[in-house]
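What's in data.cif: mmCIF, C-alpha atoms and all ligand atoms
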data_work
#
loop_
_atom_site.label_atom_id
_atom_site.label_comp_id
_atom_site.auth_asym_id
_atom_site.auth_seq_id
_atom_site.Cartn_x
_atom_site.Cartn_y
_atom_site.Cartn_z
CA MET M 14 11.03 -5.70 -10.48
CA ARG M 15 8.59 -4.11 -8.05
CA LYS M 16 9.78 -4.04 -4.45
CA LYS M 17 7.36 -5.62 -1.97
CA ILE M 18 5.88 -3.37 0.69
CA ILE M 19 4.22 -4.30 3.96
CA VAL M 20 2.35 -1.52 5.70
CA GLY M 21 0.93 -1.79 9.21
CA ASN M 22 -2.16 0.35 9.63
CA TRP M 23 -2.60 0.77 13.37
CA LYS M 24 -5.91 2.62 12.95
CA MET M 25 -7.13 4.14 16.28
CA ASN M 26 -5.06 1.83 18.46
CA MET M 27 -1.99 2.03 20.72
CA THR M 28 -0.73 4.84 22.95
CA LYS M 29 2.73 6.30 23.30
CA THR M 30 3.47 3.91 26.18
CA LEU M 31 2.03 0.82 24.51
CA SER M 32 3.68 1.50 21.17
CA LYS M 33 7.08 2.00 22.77
CA GLU M 34 6.77 -1.32 24.56
CA PHE M 35 5.57 -3.10 21.43
CA LEU M 36 8.18 -1.68 19.07
CA ASN M 37 11.06 -2.26 21.44
CA SER M 38 10.01 -5.89 21.69
CA ILE M 39 9.66 -6.46 17.93
CA LYS M 40 12.65 -4.36 16.79
CA PRO M 41 15.38 -6.91 17.52
CA LYS M 42 13.40 -9.72 15.85
CA ILE M 43 12.20 -8.08 12.66
CA LYS M 44 14.33 -8.37 9.52
CA VAL M 45 13.69 -5.84 6.81
CA GLU M 46 15.53 -7.06 3.71
CA ASN M 47 14.81 -6.17 0.07
CA MET M 48 11.42 -4.78 0.92
CA ASP M 49 9.74 -1.73 2.38
CA VAL M 50 8.14 -1.92 5.79
CA VAL M 51 6.02 0.92 7.09
CA ILE M 52 3.94 1.58 10.19
CA CYS M 53 1.12 4.11 10.07
CA PRO M 54 0.13 5.05 13.63
CA SER M 55 -2.20 7.79 14.86
CA PHE M 56 -0.90 11.32 14.26
CA THR M 57 -0.02 11.80 17.93
CA LEU M 58 2.38 8.84 17.84
CA ILE M 59 4.27 9.68 14.65
CA GLU M 60 7.05 11.69 16.27
CA SER M 61 7.76 9.11 18.97
CA LEU M 62 7.71 6.25 16.43
CA LYS M 63 10.20 8.10 14.24
CA GLY M 64 12.52 8.25 17.24
CA ILE M 65 12.08 4.62 18.26
CA LEU M 66 12.55 3.35 14.69
CA GLU M 67 15.39 5.63 13.60
CA ASP M 68 17.98 2.85 13.89
CA THR M 69 15.88 0.47 11.74
CA ASN M 70 14.73 0.33 8.11
CA ILE M 71 11.11 0.60 9.19
CA LYS M 72 9.47 3.75 7.86
CA VAL M 73 6.61 5.72 9.36
CA GLY M 74 3.47 6.93 7.60
CA ALA M 75 0.20 8.70 8.37
CA GLN M 76 -3.35 7.43 8.04
CA ASN M 77 -4.82 10.55 6.46
CA VAL M 78 -4.16 14.18 5.50
CA HIS M 79 -6.41 17.11 4.56
CA PHE M 80 -6.34 18.44 1.00
CA GLU M 81 -6.30 22.13 1.92
CA LYS M 82 -3.06 23.89 2.81
CA ASN M 83 -4.42 25.20 6.11
CA GLY M 84 -7.47 26.97 7.52
CA ALA M 85 -10.58 26.53 9.59
CA TYR M 86 -10.86 22.73 9.53
CA THR M 87 -11.20 21.76 13.18
CA GLY M 88 -9.65 18.41 13.98
CA GLU M 89 -7.81 18.04 10.67
CA ILE M 90 -4.10 17.69 9.87
CA ASN M 91 -2.41 19.34 6.89
CA LEU M 92 0.50 18.29 4.71
CA ASP M 93 3.00 20.80 6.15
CA MET M 94 2.42 19.33 9.58
CA LEU M 95 3.22 15.86 8.25
CA LYS M 96 6.22 17.04 6.25
CA GLU M 97 7.70 18.49 9.40
CA LEU M 98 7.50 15.02 10.94
CA GLU M 99 9.41 13.61 7.93
CA ILE M 100 7.04 10.76 7.22
CA ASP M 101 7.41 8.74 4.02
CA TYR M 102 3.90 7.46 3.31
CA CYS M 103 0.30 8.54 3.76
CA ILE M 104 -2.77 6.32 3.45
CA ILE M 105 -5.70 8.04 1.75
CA GLY M 106 -9.26 6.93 1.05
CA HIS M 107 -9.31 4.04 3.49
CA SER M 108 -12.79 2.47 3.45
CA GLU M 109 -13.27 3.35 7.13
CA ARG M 110 -12.72 6.99 6.26
CA ARG M 111 -15.09 6.70 3.31
CA GLN M 112 -17.68 4.99 5.52
CA TYR M 113 -17.51 7.06 8.73
CA PHE M 114 -15.97 10.39 7.69
CA ASN M 115 -17.54 11.18 4.33
CA GLU M 116 -14.38 10.59 2.33
CA THR M 117 -15.33 10.53 -1.36
CA ASP M 118 -13.55 9.73 -4.61
CA SER M 119 -13.15 13.48 -5.18
CA THR M 120 -11.56 14.19 -1.79
CA VAL M 121 -9.25 11.21 -2.32
CA ASN M 122 -8.23 12.77 -5.63
CA LEU M 123 -7.62 16.20 -4.04
CA LYS M 124 -5.56 14.59 -1.29
CA ALA M 125 -3.46 12.62 -3.78
CA ILE M 126 -2.80 15.78 -5.82
CA ASN M 127 -1.89 17.75 -2.71
CA ILE M 128 0.58 15.07 -1.56
CA LEU M 129 2.14 14.55 -5.00
CA ASN M 130 2.49 18.24 -5.87
CA ASN M 131 3.82 19.40 -2.53
CA SER M 132 5.86 16.62 -0.94
CA ASN M 133 7.93 13.49 -1.43
CA ILE M 134 5.44 11.47 0.57
CA THR M 135 4.07 8.35 -1.15
CA PRO M 136 0.27 8.23 -1.21
CA ILE M 137 -1.26 4.82 -0.55
CA ILE M 138 -4.64 5.06 -2.26
CA CYS M 139 -7.22 2.57 -0.97
CA VAL M 140 -9.98 1.14 -3.12
CA GLY M 141 -12.29 -1.82 -2.75
CA GLU M 142 -15.86 -3.08 -2.93
CA ASN M 143 -18.34 -4.03 -0.23
CA LEU M 144 -19.99 -7.43 0.07
CA GLU M 145 -23.09 -6.50 -1.91
CA GLN M 146 -20.99 -5.14 -4.77
CA ARG M 147 -18.99 -8.38 -4.83
CA GLN M 148 -22.12 -10.51 -4.73
CA ASN M 149 -23.77 -8.66 -7.61
CA ASN M 150 -20.51 -8.63 -9.54
CA SER M 151 -20.29 -4.83 -9.78
CA MET M 152 -16.88 -4.78 -8.06
CA TYR M 153 -14.86 -4.30 -11.25
CA ASP M 154 -16.83 -1.22 -12.32
CA LEU M 155 -16.73 0.14 -8.78
CA VAL M 156 -12.96 -0.24 -8.38
CA LYS M 157 -12.34 1.10 -11.90
CA GLY M 158 -14.44 4.19 -11.06
CA GLN M 159 -12.59 4.73 -7.77
CA ILE M 160 -9.22 4.57 -9.55
CA GLU M 161 -10.21 6.74 -12.51
CA LYS M 162 -11.42 9.44 -10.15
CA ALA M 163 -8.50 9.15 -7.72
CA PHE M 164 -6.00 9.61 -10.57
CA GLU M 165 -7.78 12.51 -12.32
CA ASN M 166 -5.34 15.31 -13.24
CA ILE M 167 -2.36 13.24 -12.09
CA SER M 168 0.46 12.97 -14.63
CA ASN M 169 2.37 9.81 -15.57
CA ASP M 170 5.40 10.94 -13.57
CA MET M 171 3.26 11.47 -10.49
CA ALA M 172 1.21 8.30 -10.93
CA ILE M 173 4.24 6.02 -10.70
CA LYS M 174 4.93 7.40 -7.23
CA CYS M 175 1.60 6.12 -5.92
CA ILE M 176 0.68 2.82 -4.36
CA ILE M 177 -2.81 1.38 -4.72
CA ALA M 178 -4.15 -0.76 -1.89
CA TYR M 179 -6.96 -3.10 -2.90
CA GLU M 180 -8.98 -3.64 0.24
CA PRO M 181 -12.29 -5.44 -0.18
CA ILE M 182 -14.45 -4.03 2.63
CA TRP M 183 -15.94 -7.44 3.41
CA ALA M 184 -12.46 -8.72 4.27
CA ILE M 185 -11.38 -5.86 6.55
CA GLY M 186 -11.29 -6.82 10.22
CA THR M 187 -13.67 -9.71 9.57
CA GLY M 188 -11.21 -12.58 9.61
CA ILE M 189 -12.40 -13.40 6.08
CA THR M 190 -9.45 -13.01 3.74
CA ALA M 191 -10.03 -12.85 0.02
CA ALA M 192 -8.74 -16.07 -1.52
CA SER M 193 -5.32 -15.32 -2.95
CA GLU M 194 -6.67 -15.93 -6.47
CA GLU M 195 -9.51 -13.45 -5.85
CA ALA M 196 -7.07 -10.85 -4.54
CA GLU M 197 -4.69 -11.50 -7.44
CA ASP M 198 -7.52 -11.24 -9.94
CA MET M 199 -8.51 -7.77 -8.71
CA CYS M 200 -4.92 -6.54 -8.35
CA LYS M 201 -4.28 -7.66 -11.94
CA TYR M 202 -7.44 -5.85 -13.04
CA ILE M 203 -6.28 -2.69 -11.21
CA ARG M 204 -3.00 -2.85 -13.12
CA LYS M 205 -4.98 -3.06 -16.36
CA VAL M 206 -7.05 -0.01 -15.35
CA ILE M 207 -3.82 1.92 -14.71
CA GLU M 208 -2.44 0.74 -18.05
CA ASN M 209 -5.57 2.04 -19.79
CA ILE M 210 -5.37 5.43 -18.07
CA TYR M 211 -1.59 5.80 -18.50
CA SER M 212 0.56 3.18 -20.20
CA LYS M 213 2.13 -0.22 -19.68
CA ASP M 214 5.28 1.52 -18.46
CA VAL M 215 3.32 3.08 -15.62
CA SER M 216 1.32 -0.05 -14.77
CA ASP M 217 4.50 -2.14 -14.73
CA VAL M 218 6.07 -0.06 -11.95
CA LEU M 219 3.09 1.08 -9.88
CA ARG M 220 2.76 -1.08 -6.79
CA VAL M 221 -0.56 -2.70 -5.88
CA GLN M 222 -1.11 -4.05 -2.38
CA TYR M 223 -3.80 -6.27 -0.93
CA GLY M 224 -5.41 -5.60 2.45
CA GLY M 225 -8.11 -7.36 4.45
CA SER M 226 -7.44 -9.84 7.26
CA ALA M 227 -3.92 -10.50 6.02
CA ASN M 228 -2.02 -12.49 8.62
CA ALA M 229 1.03 -14.66 9.18
CA LYS M 230 -0.77 -17.72 7.80
CA ASN M 231 -1.96 -16.29 4.50
CA CYS M 232 0.73 -13.71 3.74
CA ASP M 233 3.11 -16.02 1.86
CA GLU M 234 0.47 -17.14 -0.56
CA LEU M 235 -0.79 -13.60 -1.13
CA LEU M 236 2.71 -12.19 -1.61
CA ASN M 237 3.59 -14.92 -4.10
CA MET M 238 0.90 -13.74 -6.48
CA PRO M 239 2.43 -11.97 -9.49
CA ASN M 240 0.32 -8.81 -9.20
CA ILE M 241 0.29 -8.43 -5.41
CA ASP M 242 3.23 -6.25 -4.44
CA GLY M 243 2.55 -6.04 -0.75
CA LEU M 244 0.06 -5.98 2.07
CA LEU M 245 -1.83 -3.38 4.07
CA VAL M 246 -2.19 -5.00 7.46
CA GLY M 247 -4.59 -3.87 10.18
CA GLY M 248 -5.19 -6.19 13.13
CA ALA M 249 -2.10 -8.36 12.67
CA SER M 250 0.19 -5.30 12.65
CA LEU M 251 -0.64 -4.72 16.32
CA LYS M 252 0.68 -8.13 17.30
CA GLU M 253 3.99 -10.00 17.36
CA GLU M 254 2.58 -11.80 14.31
CA PHE M 255 3.71 -8.78 12.29
CA ILE M 256 7.30 -9.97 12.78
CA ASP M 257 6.54 -13.30 11.09
CA MET M 258 4.77 -11.54 8.24
CA VAL M 259 7.76 -9.32 7.53
CA ASN M 260 10.36 -12.02 8.11
P1 LIG A 301 -7.34 -5.85 8.77
O1 LIG A 301 -7.37 -4.34 8.26
O2 LIG A 301 -6.01 -6.42 8.41
O3 LIG A 301 -7.57 -5.76 10.25
O4 LIG A 301 -8.46 -6.56 8.06
C1 LIG A 301 -6.79 -3.99 7.03
C2 LIG A 301 -6.96 -2.53 6.77
O5 LIG A 301 -8.04 -2.00 7.02
O6 LIG A 301 -6.02 -1.86 6.32
#
Please re-express this file's structure in structure tokens.
Amino acid sequence: MRKKIIVGNWKMNMTKTLSKEFLNSIKPKIKVENMDVVICPSFTLIESLKGILEDTNIKVGAQNVHFEKNGAYTGEINLDMLKELEIDYCIIGHSERRQYFNETDSTVNLKAINILNNSNITPIICVGENLEQRQNNSMYDLVKGQIEKAFENISNDMAIKCIIAYEPIWAIGTGITAASEEAEDMCKYIRKVIENIYSKDVSDVLRVQYGGSANAKNCDELLNMPNIDGLLVGGASLKEEFIDMVN
């Protein structure tokens, strides 16, 4: 049985002061039972969030990491820096990073390998099509290609440690959620792709999340789908609504 996982992706939002206020207000109301709950804030907030959340079951993750060990990469963050902060998860290949910061399938692959070979951090690998690709029905090939590349040179044992987040770009921050059947259909397809690369054993345990305008109204239906093991939540994770989603 795959454990459900809800991840809040705060993106470039919140400050130390605002996050402290927000978390202290949601902490007493949020119930984390039989599932994983994670918040991925900006790098500068990780340490303070770890402190605020230490008496809860809520874990902290990062939104990105560089694939090189260290060096002349101005503005980047390496894995050792994140390990020192004792985070548990790291999002890689988010569509906003692919769109605005030249993230490619190959850098996503290098990042996944770096994380898996050198830490116990769980990579959350994002994939998903844009509107045009959905409209011309090329989304299956696109997502398959993203996954095949992301998992290149990753062994079975390493693959089961990963989470895949299916995030159709047209649904991110737009208020348009994929219909739960649409989301389920792609998450099921993703599981099949993993089965073809690895085996049924791997695809049975690897968790696949959905992300894109998930909110308190649609989360039940999405989470009840057999192949959707969790949600990657942007906008709604910055609001009290996140409590209802988790609860
Ligand atoms: P959204 O973002 O929930 O605001 O659509 C999801 C994401 O980008 O992870």
>> Taking only C-alpha atoms and all ligand atoms into account, list the residues no farther than 6 Å from ligand LIG 301 (chain A), as a ChimeraX atom specification.
In response: /M:22,184-186,224-227,245-248
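In this comparison, which uses only C-alpha atoms, the residue of M:Thr28, M:Asn115, M:Asn260, M:Ser212 approaching Ile173 in chain M most closely is M:Ser212.
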> Could you pull the residues within 12 Å of Arg111 in chain M, counting only C-alpha atoms, minus those fewer than 5 positions along the same chain, as a list of chain:residue names?
Replying inline: M:Asn77, M:Ile105, M:Gly106, M:Glu116, M:Thr117, M:Asp118, M:Ser119, M:Thr120, M:Val121, M:Ile138, M:Cys139, M:Val140, M:Gly141, M:Glu142, M:Asn143, M:Gln159, M:Ile182
>> Which residues are near Val20 in chain M? Cut-off 10 Å, all atoms listed in the file, ignore same chain within fewer than 4 positions. Put them as a ChimeraX atom specification.
In response: /M:49-53,71-74,102,104,137,222,224,243-247,250,255,259
> Is there a way to get, as a PyMOL selection string, all residues within 12 Å of the point (-3.4, -9.1, -6.7) in file coordinates, counting all atoms listed in the file?
Replying inline: chain M and resi 177-181+191-205+220-224+234-244
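With all atoms listed in the file as the atoms that count, the residue of M:Val156, M:Leu219, M:Ile90, M:Ile189 with the shortest distance to Pro136 in chain M is M:Leu219.
Pairwise distance (CA of Val218 in chain M, CA of Lys174 in chain M) equals 8.9 Å.
Put simply, CA of Leu129 in chain M is 12.2 Å away from CA of Lys96 in chain M.
Put simply, CA of Asp68 in chain M is 16.1 Å away from CA of Ser32 in chain M.
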